[in-house]
Amino acid sequence: MQDPRKHQVSLRGASAKEITRDALLERVNQERELRNYARRANAAVVLIQRVWRRHHEMKLVALRLREEWEIMMNSRAGPLTGKQIASEILRPFLFFINYLSVRRGTIGARDRDCMMNCFQILLEDITSKDVHQNFCSMVTGRIEDRRIWFQQSKKMISICLFILSVFDSSQRVQNAVLTSTAMRLSVLLTDPKGWNCIDDDGRKAANAAAKNLVQFIGSKKSGLYNCIRKFIYKLEAPFSSQELVSCQKDDIFLIVASAITLSLRPFHLTNIDMNDGSMMECAVEQYCISLLTIPWFPQRLPSILAPALRHKSVLSPCLRTLLISKEKIFKELSEVDQLELTSKKMPCVGWALANIMYLATWSHTSATDSGKFVEDLDHSAYLHVVIILADKLLASLENFEQMTRKTEETQVDNYTSAVSVFEMDETNCGFSKLSYMDLFKPVYQQWHLKKLLDFVKEGFVCGTDDLSIGNQTYSWNYRLLDIAYYYSCMLRLFSALNPVLKSLPVLNMLSFTPGFLFSLWEELEKSLFRGKKQIANSTSFCASRVSRDKSEGVSGRRQKGLNKDAGNKWINVLQKFTGKSPAEDDYVDSVTSQSNLKQIEEPPSDEWDIEPLRRGPEGISKDIYHVLLLFCSSYSHLLLVLDDIEFYDKQVPFKLEQQRKIASVLNTFAYNSLSLGISSQYRALLDSAVRCLHLLYERDCRHQFCHPSLWLSPGKSNRMTIAVAARTHEVFSAADGATSSSVGSVITTMPHVFPFEERVRMFREFISMDKVSRRLAGEGTGPGSRSIEIVIRRDRIFEDGMQQLNSLGSKLKSAIHVSFVSESGLPEAGLDYGGLSKEFLTDISKAAFSPEYGLFSQTPTSDRLLIPNATARFLDNGILMVEFLGRIVGKALYEGILLDFYFSHVFVQKLLGRYSYVDELFTLDPELHRNLMYVKHYDGDVKDLCLDFTVTEESLGKRHIIELKPGGKDICVTNENRLQYVYAMADYKLNRQILPFSNAFYRGLTDLISPSWLKLFNSSEFNQLLSGGDHDIDVDDLRKNTQYTGGYSDGSRTVKLFWEVFAGLEPSERCMLLKFVTSCSRAPLLGFKHLHPAFTIHKVVCDVPLWASFGGHDVDRLPSASTCYNTLKLPTYKRASTLRAKLLYAINSNAGFELS
């Protein structure tokens, strides 16, 4: 062991406590640091004292100089030469003003007086024609004189800019006078034309001196643009509305005009020397960064200055510099935005975008669609700059929105659209009637788009005045693709920043601009169908206009009706309430003929295989991406108002063959995008494509224009199995249909790529999975203690069913055991093994959906489809009864029981969560639809029809007037608002009127059937799912899945006769027989294998006397049926003729049990 005392040392002799060597070194280091700190502190104190003494001495010198300067100015007699002004006036003045005012950031009263005296002397001197008495004459003197003039002029301009930056219009009038005088001096010093002492020989030297001075103010060192920015920021209201006295207002106008003149000096300097591009670039960059990013920059200035800002010599260099130096400019702007973003201010790039768009266009406020671009505008540079700035702003919006979501995760309502992410009202500088988006008004005006398209047609390219920097010349081509990119950015911006209308104004303009959609499609067709036969005809360009244009007129079949006497036209419109329309039958032929389109031949298998779209958005270029985005957004908007006459009859804006191509493109693109998975940057395009695709698909479901193979084509080669698809669908539906990189998202978004039969199998698979999960959870589905026992009186079937079942909700999925009580009050014998519950569901639905019950009525069309009765809301518990009916239908779907009725297309659309449009009104009320189309295409003055925005309804003997919009009874329908009237009326009839009933029915239906299951189908498919296939019965399939009881077998003589007779019946008679046995006239969609209980033929033994059989007599007994068990009770007939006769008699008698 080492002695621990070995490394210890003794301090202060033997009596002191001994410590280790390391501790000693640490103490020494601490003492050394303390001494160093003390030395530094002493040095700092000495420095502070020296600086303070120097400051004190300098201040005393400055005060003394000011005192002497004031005495000299008061005692001055006679004019001074330019050199005397520089040495005796400016030299001491610049010293004490910089020290006493500029460094302190404020201007005292004495300094203000000194400045006024100095500025006035200089102004008088510079405007003097005496060469010896003019300060500016020094520029033509010796080199030393020129240097002195330049240095003192720079300092004078810096002082003037300082005065401008600290100016406050709310202070006394003297401040305005001082600032205006300073700005006059600055303008005069930079304008050699105002130096009256300069003769022709000295003009070159004067121009060179002024050029050097302008170069200085255009540099960052001068701070010119920052000072002007500070000044303009303080103009809190439009110049014309500032509350100022007259004299002060004139001074402020002079200040503003002088400041703008100074800011534009570097732009005009190029007329003196075109080769100094670097100075020009720096000045333009500072102008863009400091001035163009001021909120409401043009509006804060007097309107008389706007032409100067819009001039080609100013606007064009700004646009081109933004293109060339965008990275540098954006970097400087982002440094400013770091603080502003956290305080919810619009980013600088947002104001730069708005100000440039405002300055590049002239819009007349009095006209809704009138304006022009500024003269000689570089349209190509303008387009590219707006695109760059818009992209940058959109990126800022997304970043800020993500940041906001992270910081507000704990709040309930933490998501707000980008509309409210910026508090733009705080920077509106008093514009109570002008919002930020109003600066983008030209974007949604037709003249703006037409001008851009005109330049495309002319093959416009940047001219010879392209900006040259160094040895490089920059120019930009101008194409339709650039316009598409431009407007796709505008759509996204309006969606993000327009709080109420979103992108609606832009979409309205794009959709109704003649030929624009056609041009976009031509560009897409050229790119996507490269190498394939082009169907589009260039002559269609001029004809691709929607029927809103009066010049297009109407079809020939309708022209006769529209040329009637004007005095009687209003009668035709109001036939819904006054009588039958006599002149519109030809319209019915026009619409109904669409349902009888001649058979569309199936195209080749590779017709819809579009190679560029196989990889989704990854397979197309950025340009085509924006064209497709713009096309989908605009066309989906147009499809909302495009009626069937325009789509099928007039075929505008596209021929039906082109419509098929469009549907194919969207179908293929959406399928591959969802299958392969996409990043968030493509989300906007996918959403637009899916929305447009759904509108085309729903229109095709209503009136077919595409072959079914088109919708199925993308998924032919890689469809998953039914079980896997069903399970995947459930997973994505549970996640609210969120798009992911899986085919499962295809099922939730575009299930139509799967054949209808496969989707029906998916539906049944969903129910099987649900039953399994319920069994695992302990909820019984078969006979047992958990089954629902109910007792139903035959004559009160709906009331008893509702009383006992309506409160069960989703528990209604359990098995129901029904005990019937006859009309005489006696219990009916028998046990329910599924048949009685089926009979209960079919009978209760038959009773409740009967028009006599009052809950549902039938449409006036030949189909007699079911629609909620508007008067049902006045019944006791009417809405509650409709909700119960939803549960009954849900139970039938859940158990696979067919119900023999069809719902109206409009009603089913509500159950599927889809909106109904004006053309669907024809299926609900053809007469009202005809009248609305008459109004829409009316050639005269709609005011003559005496319509307003109301609708009249009658219920229980009372008339109710309902306004289609607030104050509708006082709004007359005119040519300008008739489209609003047509679609408001259709919206009321198709959506608003039945909404309470559809919501109630939906609540009941979805207690048993998941909404995601229903969305696999369209409205007609839903009806088929509920009521079976609408086609002839497959005799072989029925025979294959028939069971025999009572002694019958497939080889029995009577059974063979039955199938022989059944095959010989007419299709309608076979359907009647099926209804006689099963209570539904249609076969199960997936075949009779899925009919529960199975179709059964039961033997009824009938003994025929021997003498009767010898005499040729057969059985007299009629066949009967037990619909609850899907059983046909068939006597043992011996002859086919007898079996046929008895069978037809029975099914035509519309009875079952009582026949014998």
# chains A, B, ... in the order shown; residues from 1 in each chain; ligands from 1
call {"tool": "closest_atom_pairs", "arguments": {"of": "segment 924-1034 of chain A", "to": "segment 761-777 of chain A", "cutoff": "12 Å", "atoms": "only C-alpha atoms", "output": "tab-separated table"}}
result
residue	atom	partner	partner_atom	distance
A:Leu1008	CA	A:Ile767	CA	9.6
A:Ile1009	CA	A:Ile767	CA	8.4
A:Ser1010	CA	A:Phe766	CA	9.1
A:Pro1011	CA	A:Phe763	CA	11.4
A:Ser1012	CA	A:Phe763	CA	9.9
A:Trp1013	CA	A:Phe763	CA	6.3
A:Leu1014	CA	A:Phe763	CA	8.4
A:Lys1015	CA	A:Phe763	CA	10.3
A:Leu1016	CA	A:Phe763	CA	8.2
A:Phe1017	CA	A:Phe763	CA	9.8
A:Phe1022	CA	A:Phe763	CA	11.1
A:Leu1025	CA	A:Phe763	CA	9.4
A:Leu1026	CA	A:Phe763	CA	11.8
call {"tool": "residues_around", "arguments": {"residues": "segment 977-980 of chain A", "least_positions_apart": "5", "cutoff": "10 Å", "atoms": "only C-alpha atoms", "output": "JSON, numbers by chain"}}
result
{"A": [548, 641, 932, 933, 935, 936, 937, 938, 942, 943, 947, 948, 949, 964, 965, 971, 972, 985, 986]}
call {"tool": "write_last_selection", "arguments": {"atoms": "N, CA, C and O atoms", "output": "PDB file, in the first residue's frame"}}
result
ATOM      1  N   ARG A 548     -74.602  28.343 -72.271  1.00  0.00           N
ATOM      2  CA  ARG A 548     -74.908  29.609 -71.624  1.00  0.00           C
ATOM      3  C   ARG A 548     -74.901  30.744 -72.632  1.00  0.00           C
ATOM      4  O   ARG A 548     -75.588  31.749 -72.478  1.00  0.00           O
ATOM      5  N   VAL A 641     -73.143  21.920 -63.951  1.00  0.00           N
ATOM      6  CA  VAL A 641     -74.212  22.724 -64.541  1.00  0.00           C
ATOM      7  C   VAL A 641     -74.520  22.311 -65.970  1.00  0.00           C
ATOM      8  O   VAL A 641     -75.443  22.859 -66.587  1.00  0.00           O
ATOM      9  N   LEU A 932     -88.091  23.919 -66.059  1.00  0.00           N
ATOM     10  CA  LEU A 932     -86.821  24.547 -65.666  1.00  0.00           C
ATOM     11  C   LEU A 932     -85.874  24.641 -66.853  1.00  0.00           C
ATOM     12  O   LEU A 932     -85.155  25.643 -67.005  1.00  0.00           O
ATOM     13  N   MET A 933     -85.846  23.616 -67.691  1.00  0.00           N
ATOM     14  CA  MET A 933     -85.009  23.679 -68.888  1.00  0.00           C
ATOM     15  C   MET A 933     -85.515  24.756 -69.849  1.00  0.00           C
ATOM     16  O   MET A 933     -84.727  25.398 -70.551  1.00  0.00           O
ATOM     17  N   VAL A 935     -86.861  27.579 -68.902  1.00  0.00           N
ATOM     18  CA  VAL A 935     -86.353  28.840 -68.351  1.00  0.00           C
ATOM     19  C   VAL A 935     -84.866  28.989 -68.652  1.00  0.00           C
ATOM     20  O   VAL A 935     -84.390  30.067 -69.029  1.00  0.00           O
ATOM     21  N   LYS A 936     -84.124  27.922 -68.503  1.00  0.00           N
ATOM     22  CA  LYS A 936     -82.667  27.980 -68.698  1.00  0.00           C
ATOM     23  C   LYS A 936     -82.323  28.381 -70.121  1.00  0.00           C
ATOM     24  O   LYS A 936     -81.377  29.152 -70.351  1.00  0.00           O
ATOM     25  N   HIS A 937     -83.066  27.879 -71.121  1.00  0.00           N
ATOM     26  CA  HIS A 937     -82.746  28.130 -72.520  1.00  0.00           C
ATOM     27  C   HIS A 937     -83.668  29.178 -73.147  1.00  0.00           C
ATOM     28  O   HIS A 937     -83.706  29.304 -74.372  1.00  0.00           O
ATOM     29  N   TYR A 938     -84.381  29.924 -72.339  1.00  0.00           N
ATOM     30  CA  TYR A 938     -85.339  30.903 -72.848  1.00  0.00           C
ATOM     31  C   TYR A 938     -84.593  32.024 -73.568  1.00  0.00           C
ATOM     32  O   TYR A 938     -83.626  32.584 -73.058  1.00  0.00           O
ATOM     33  N   VAL A 942     -86.423  36.941 -69.310  1.00  0.00           N
ATOM     34  CA  VAL A 942     -87.031  36.048 -68.313  1.00  0.00           C
ATOM     35  C   VAL A 942     -87.943  36.808 -67.373  1.00  0.00           C
ATOM     36  O   VAL A 942     -88.835  36.214 -66.754  1.00  0.00           O
ATOM     37  N   LYS A 943     -87.768  38.118 -67.252  1.00  0.00           N
ATOM     38  CA  LYS A 943     -88.654  38.894 -66.386  1.00  0.00           C
ATOM     39  C   LYS A 943     -90.110  38.773 -66.828  1.00  0.00           C
ATOM     40  O   LYS A 943     -91.028  38.888 -66.013  1.00  0.00           O
ATOM     41  N   LEU A 947     -91.382  35.289 -62.476  1.00  0.00           N
ATOM     42  CA  LEU A 947     -90.961  34.293 -61.496  1.00  0.00           C
ATOM     43  C   LEU A 947     -90.166  34.953 -60.384  1.00  0.00           C
ATOM     44  O   LEU A 947     -89.545  35.996 -60.589  1.00  0.00           O
ATOM     45  N   ASP A 948     -90.198  34.346 -59.219  1.00  0.00           N
ATOM     46  CA  ASP A 948     -89.322  34.780 -58.134  1.00  0.00           C
ATOM     47  C   ASP A 948     -88.702  33.549 -57.485  1.00  0.00           C
ATOM     48  O   ASP A 948     -88.998  32.409 -57.864  1.00  0.00           O
ATOM     49  N   PHE A 949     -87.842  33.767 -56.510  1.00  0.00           N
ATOM     50  CA  PHE A 949     -87.096  32.673 -55.885  1.00  0.00           C
ATOM     51  C   PHE A 949     -87.912  32.046 -54.751  1.00  0.00           C
ATOM     52  O   PHE A 949     -87.487  32.026 -53.596  1.00  0.00           O
ATOM     53  N   LEU A 964     -86.375  30.048 -51.844  1.00  0.00           N
ATOM     54  CA  LEU A 964     -85.223  29.278 -52.298  1.00  0.00           C
ATOM     55  C   LEU A 964     -83.908  29.897 -51.839  1.00  0.00           C
ATOM     56  O   LEU A 964     -82.870  29.232 -51.838  1.00  0.00           O
ATOM     57  N   LYS A 965     -83.936  31.171 -51.466  1.00  0.00           N
ATOM     58  CA  LYS A 965     -82.779  31.867 -50.909  1.00  0.00           C
ATOM     59  C   LYS A 965     -83.317  32.965 -50.003  1.00  0.00           C
ATOM     60  O   LYS A 965     -84.476  33.366 -50.129  1.00  0.00           O
ATOM     61  N   ILE A 971     -87.068  38.735 -54.867  1.00  0.00           N
ATOM     62  CA  ILE A 971     -86.050  38.685 -55.917  1.00  0.00           C
ATOM     63  C   ILE A 971     -86.681  38.156 -57.193  1.00  0.00           C
ATOM     64  O   ILE A 971     -87.172  37.026 -57.237  1.00  0.00           O
ATOM     65  N   CYS A 972     -86.673  38.971 -58.211  1.00  0.00           N
ATOM     66  CA  CYS A 972     -87.243  38.569 -59.498  1.00  0.00           C
ATOM     67  C   CYS A 972     -86.215  37.778 -60.289  1.00  0.00           C
ATOM     68  O   CYS A 972     -85.015  38.073 -60.260  1.00  0.00           O
ATOM     69  N   MET A 985     -83.993  25.814 -57.549  1.00  0.00           N
ATOM     70  CA  MET A 985     -85.240  25.039 -57.561  1.00  0.00           C
ATOM     71  C   MET A 985     -84.939  23.538 -57.588  1.00  0.00           C
ATOM     72  O   MET A 985     -85.548  22.745 -56.845  1.00  0.00           O
ATOM     73  N   ALA A 986     -84.003  23.142 -58.444  1.00  0.00           N
ATOM     74  CA  ALA A 986     -83.646  21.726 -58.515  1.00  0.00           C
ATOM     75  C   ALA A 986     -83.047  21.251 -57.205  1.00  0.00           C
ATOM     76  O   ALA A 986     -83.337  20.143 -56.735  1.00  0.00           O
TER      77      ALA A 986
END
call {"tool": "closest_residue", "arguments": {"among": "A:Gly967, A:Pro755, A:Pro442, A:Gly1087", "to": "Ile356 of chain A", "atoms": "only C-alpha atoms"}}
result
A:Pro442
call {"tool": "residues_around", "arguments": {"residues": "Ile994 of chain A", "least_positions_apart": "2", "cutoff": "10 Å", "atoms": "only C-alpha atoms", "output": "MDAnalysis selection string"}}
result
chainID A and resid 867:870 906:907 910 988:992 996:999
call {"tool": "write_last_selection", "arguments": {"atoms": "all heavy atoms", "output": "compact mmCIF listing (two decimals), in the first residue's frame"}}
result
# COMPACT_ATOMS: atom_id res chain seq x y z
N ILE A 867 -90.44 7.31 -53.30
CA ILE A 867 -89.79 8.53 -52.83
C ILE A 867 -90.52 8.96 -51.55
O ILE A 867 -91.73 8.76 -51.42
CB ILE A 867 -89.86 9.65 -53.90
CG1 ILE A 867 -88.97 10.82 -53.54
CG2 ILE A 867 -91.28 10.09 -54.14
CD1 ILE A 867 -87.50 10.58 -53.75
N PRO A 868 -89.81 9.49 -50.55
CA PRO A 868 -90.52 9.94 -49.33
C PRO A 868 -91.60 10.95 -49.65
O PRO A 868 -91.42 11.84 -50.49
CB PRO A 868 -89.40 10.56 -48.48
CG PRO A 868 -88.16 9.87 -48.93
CD PRO A 868 -88.35 9.62 -50.40
N ASN A 869 -92.72 10.82 -48.99
CA ASN A 869 -93.85 11.73 -49.17
C ASN A 869 -93.59 12.99 -48.35
O ASN A 869 -93.34 12.92 -47.14
CB ASN A 869 -95.15 11.04 -48.71
CG ASN A 869 -96.37 11.81 -49.14
OD1 ASN A 869 -96.32 13.01 -49.37
ND2 ASN A 869 -97.49 11.11 -49.26
N ALA A 870 -93.63 14.15 -49.00
CA ALA A 870 -93.33 15.40 -48.31
C ALA A 870 -94.29 15.67 -47.17
O ALA A 870 -93.93 16.35 -46.19
CB ALA A 870 -93.35 16.57 -49.31
N VAL A 906 -83.02 9.50 -56.89
CA VAL A 906 -82.69 10.68 -56.09
C VAL A 906 -82.59 10.30 -54.61
O VAL A 906 -81.67 10.73 -53.90
CB VAL A 906 -83.76 11.77 -56.30
CG1 VAL A 906 -83.53 12.93 -55.35
CG2 VAL A 906 -83.75 12.24 -57.75
N PHE A 907 -83.52 9.49 -54.14
CA PHE A 907 -83.51 9.09 -52.73
C PHE A 907 -82.29 8.23 -52.41
O PHE A 907 -81.64 8.41 -51.38
CB PHE A 907 -84.81 8.35 -52.42
CG PHE A 907 -84.92 7.88 -50.99
CD1 PHE A 907 -84.93 8.79 -49.94
CD2 PHE A 907 -85.00 6.53 -50.69
CE1 PHE A 907 -85.03 8.36 -48.63
CE2 PHE A 907 -85.10 6.10 -49.39
CZ PHE A 907 -85.11 7.01 -48.35
N LYS A 910 -79.08 10.13 -51.82
CA LYS A 910 -78.92 10.67 -50.47
C LYS A 910 -78.42 9.60 -49.51
O LYS A 910 -77.59 9.88 -48.63
CB LYS A 910 -80.27 11.22 -49.97
CG LYS A 910 -80.82 12.34 -50.80
CD LYS A 910 -79.93 13.57 -50.71
CE LYS A 910 -80.06 14.45 -51.91
NZ LYS A 910 -79.66 13.83 -53.17
N TYR A 988 -83.68 22.36 -54.24
CA TYR A 988 -84.74 22.21 -53.24
C TYR A 988 -85.49 20.89 -53.44
O TYR A 988 -85.71 20.14 -52.48
CB TYR A 988 -85.71 23.38 -53.31
CG TYR A 988 -86.88 23.23 -52.38
CD1 TYR A 988 -86.73 23.46 -51.01
CD2 TYR A 988 -88.12 22.81 -52.84
CE1 TYR A 988 -87.79 23.28 -50.13
CE2 TYR A 988 -89.18 22.63 -51.98
CZ TYR A 988 -89.01 22.87 -50.63
OH TYR A 988 -90.06 22.67 -49.77
N LYS A 989 -85.88 20.62 -54.68
CA LYS A 989 -86.66 19.42 -54.94
C LYS A 989 -85.85 18.14 -54.76
O LYS A 989 -86.37 17.13 -54.28
CB LYS A 989 -87.22 19.47 -56.37
CG LYS A 989 -88.32 20.50 -56.57
CD LYS A 989 -89.59 20.11 -55.81
CE LYS A 989 -90.72 21.06 -56.11
NZ LYS A 989 -91.97 20.68 -55.37
N LEU A 990 -84.59 18.20 -55.14
CA LEU A 990 -83.79 16.98 -55.13
C LEU A 990 -83.05 16.74 -53.82
O LEU A 990 -82.76 15.59 -53.48
CB LEU A 990 -82.75 17.04 -56.26
CG LEU A 990 -83.30 17.06 -57.69
CD1 LEU A 990 -82.18 17.33 -58.68
CD2 LEU A 990 -83.99 15.75 -58.01
N ASN A 991 -82.75 17.79 -53.11
CA ASN A 991 -81.90 17.63 -51.93
C ASN A 991 -82.54 18.14 -50.65
O ASN A 991 -82.69 17.40 -49.68
CB ASN A 991 -80.57 18.37 -52.17
CG ASN A 991 -79.82 17.83 -53.37
OD1 ASN A 991 -79.35 16.72 -53.38
ND2 ASN A 991 -79.71 18.65 -54.42
N ARG A 992 -82.94 19.40 -50.65
CA ARG A 992 -83.42 19.98 -49.39
C ARG A 992 -84.76 19.41 -48.94
O ARG A 992 -84.96 19.15 -47.75
CB ARG A 992 -83.54 21.49 -49.55
CG ARG A 992 -82.20 22.20 -49.68
CD ARG A 992 -82.36 23.64 -50.16
NE ARG A 992 -83.33 24.38 -49.35
CZ ARG A 992 -83.81 25.57 -49.67
NH1 ARG A 992 -83.41 26.15 -50.80
NH2 ARG A 992 -84.68 26.18 -48.89
N PRO A 996 -84.67 15.66 -44.58
CA PRO A 996 -85.02 15.11 -43.26
C PRO A 996 -85.39 13.62 -43.33
O PRO A 996 -85.04 12.85 -42.43
CB PRO A 996 -86.22 15.95 -42.82
CG PRO A 996 -86.11 17.22 -43.62
CD PRO A 996 -85.52 16.82 -44.93
N PHE A 997 -86.08 13.23 -44.41
CA PHE A 997 -86.48 11.82 -44.53
C PHE A 997 -85.28 10.93 -44.86
O PHE A 997 -85.14 9.84 -44.30
CB PHE A 997 -87.55 11.68 -45.62
CG PHE A 997 -88.73 12.58 -45.42
CD1 PHE A 997 -88.89 13.73 -46.18
CD2 PHE A 997 -89.68 12.29 -44.47
CE1 PHE A 997 -89.97 14.56 -46.01
CE2 PHE A 997 -90.78 13.11 -44.28
CZ PHE A 997 -90.92 14.25 -45.05
N SER A 998 -84.45 11.40 -45.78
CA SER A 998 -83.28 10.59 -46.13
C SER A 998 -82.32 10.45 -44.96
O SER A 998 -81.73 9.39 -44.75
CB SER A 998 -82.57 11.20 -47.34
OG SER A 998 -82.13 12.51 -47.06
N ASN A 999 -82.19 11.51 -44.16
CA ASN A 999 -81.32 11.41 -42.98
C ASN A 999 -81.87 10.41 -41.98
O ASN A 999 -81.12 9.63 -41.38
CB ASN A 999 -81.17 12.78 -42.33
CG ASN A 999 -80.26 13.71 -43.10
OD1 ASN A 999 -79.50 13.26 -43.96
ND2 ASN A 999 -80.32 14.99 -42.82
call {"tool": "residues_around", "arguments": {"residues": "Cys282 of chain A", "least_positions_apart": "2", "cutoff": "8 Å", "atoms": "only C-alpha atoms", "output": "VMD selection string"}}
result
chain A and resid 218 to 220 278 to 280 284 to 286
call {"tool": "residues_around", "arguments": {"residues": "segment 692-696 of chain A", "least_positions_apart": "6", "cutoff": "10 Å", "atoms": "only C-alpha atoms", "output": "compact mmCIF listing (two decimals) with N, CA and C atoms, in the first residue's frame"}}
result
# COMPACT_ATOMS: atom_id res chain seq x y z
N PHE A 631 -57.48 20.97 -65.91
CA PHE A 631 -58.58 20.39 -66.69
C PHE A 631 -59.59 19.70 -65.77
N CYS A 632 -59.13 18.88 -64.86
CA CYS A 632 -60.03 18.16 -63.96
C CYS A 632 -60.84 19.12 -63.10
N SER A 633 -60.19 20.14 -62.57
CA SER A 633 -60.89 21.10 -61.71
C SER A 633 -61.94 21.86 -62.49
N SER A 634 -61.57 22.32 -63.69
CA SER A 634 -62.51 23.13 -64.48
C SER A 634 -63.65 22.29 -65.04
N TYR A 635 -63.31 21.10 -65.54
CA TYR A 635 -64.35 20.29 -66.17
C TYR A 635 -65.32 19.72 -65.14
N SER A 636 -64.82 19.35 -63.99
CA SER A 636 -65.74 18.87 -62.95
C SER A 636 -66.70 19.97 -62.52
N HIS A 637 -66.21 21.22 -62.53
CA HIS A 637 -67.09 22.34 -62.21
C HIS A 637 -68.14 22.53 -63.30
N LEU A 638 -67.73 22.42 -64.56
CA LEU A 638 -68.68 22.57 -65.66
C LEU A 638 -69.71 21.45 -65.67
N LEU A 639 -69.30 20.24 -65.32
CA LEU A 639 -70.22 19.11 -65.32
C LEU A 639 -71.36 19.30 -64.32
N LEU A 640 -71.15 20.13 -63.31
CA LEU A 640 -72.21 20.37 -62.33
C LEU A 640 -73.39 21.10 -62.95
N GLN A 659 -65.60 12.26 -74.70
CA GLN A 659 -65.97 12.03 -73.31
C GLN A 659 -65.49 10.66 -72.85
N ARG A 660 -65.57 9.68 -73.73
CA ARG A 660 -65.09 8.34 -73.37
C ARG A 660 -63.59 8.36 -73.14
N ILE A 662 -61.83 10.93 -72.14
CA ILE A 662 -61.60 11.64 -70.89
C ILE A 662 -61.86 10.72 -69.71
N ALA A 663 -62.98 9.99 -69.77
CA ALA A 663 -63.29 9.05 -68.69
C ALA A 663 -62.21 8.00 -68.56
N SER A 664 -61.69 7.54 -69.68
CA SER A 664 -60.64 6.52 -69.64
C SER A 664 -59.37 7.07 -69.00
N VAL A 665 -58.99 8.29 -69.36
CA VAL A 665 -57.79 8.91 -68.78
C VAL A 665 -57.93 9.04 -67.27
N LEU A 666 -59.05 9.58 -66.83
CA LEU A 666 -59.25 9.79 -65.39
C LEU A 666 -59.33 8.46 -64.64
N ASN A 667 -60.02 7.49 -65.25
CA ASN A 667 -60.17 6.19 -64.62
C ASN A 667 -58.81 5.50 -64.44
N PHE A 669 -55.80 6.96 -64.56
CA PHE A 669 -54.92 7.73 -63.70
C PHE A 669 -55.25 7.50 -62.22
N ALA A 670 -56.54 7.58 -61.88
CA ALA A 670 -56.93 7.42 -60.48
C ALA A 670 -56.60 6.01 -59.98
N LEU A 686 -54.94 14.22 -57.56
CA LEU A 686 -55.74 13.00 -57.40
C LEU A 686 -57.16 13.34 -56.97
N ARG A 702 -76.57 7.06 -65.22
CA ARG A 702 -77.92 7.56 -65.50
C ARG A 702 -78.28 7.40 -66.98
N PHE A 705 -73.02 6.29 -71.86
CA PHE A 705 -72.29 6.72 -73.04
C PHE A 705 -70.94 6.00 -73.16
N CYS A 706 -70.60 5.17 -72.17
CA CYS A 706 -69.36 4.40 -72.20
C CYS A 706 -69.69 2.91 -72.15
N THR A 749 -62.42 4.26 -52.94
CA THR A 749 -62.53 5.48 -53.74
C THR A 749 -63.22 5.25 -55.07
N MET A 750 -62.91 4.17 -55.76
CA MET A 750 -63.48 3.91 -57.08
C MET A 750 -63.83 2.43 -57.20
N HIS A 752 -66.04 1.03 -58.73
CA HIS A 752 -66.62 0.60 -60.02
C HIS A 752 -65.64 -0.17 -60.89
call {"tool": "atom_distance", "arguments": {"atom1": "atom CA of Phe267 of chain A", "atom2": "atom CA of Ile255 of chain A"}}
result
19.6 Å
call {"tool": "residues_around", "arguments": {"residues": "Asp1032 of chain A", "least_positions_apart": "5", "cutoff": "9 Å", "atoms": "only C-alpha atoms", "output": "number ranges by chain"}}
result
A: 1067-1068, 1070-1071, 1082-1083
call {"tool": "select_by_dssp", "arguments": {"residues": "segment 888-1032 of chain A", "states": "helix (DSSP H, G or I)", "output": "PyMOL selection string"}}
result
chain A and resi 888-895+905-911+918-924+926-936+942-945+968-970+978-992+995-1005+1011-1014+1019-1027
call {"tool": "residues_around", "arguments": {"residues": "Gly82 of chain A", "least_positions_apart": "4", "cutoff": "8 Å", "atoms": "only C-alpha atoms", "output": "list in words"}}
result
Ala86, His132, Gln133, Asn134, Phe135, Cys136, Ser137 and Met138 of chain A
call {"tool": "atom_distance", "arguments": {"atom1": "atom CA of Met509 of chain A", "atom2": "atom CA of Tyr444 of chain A"}}
result
5.7 Å
call {"tool": "atom_distance", "arguments": {"atom1": "atom CA of Thr1078 of chain A", "atom2": "atom CA of Asn1126 of chain A"}}
result
4.7 Å
call {"tool": "closest_residue", "arguments": {"among": "A:Ser837, A:Cys489, A:Thr859, A:Ala689", "to": "Phe922 of chain A", "atoms": "only C-alpha atoms"}}
result
A:Thr859
call {"tool": "closest_residue", "arguments": {"among": "A:Ser1081, A:Gln338, A:Gln1043, A:Asn355", "to": "Phe400 of chain A", "atoms": "only C-alpha atoms"}}
result
A:Gln338
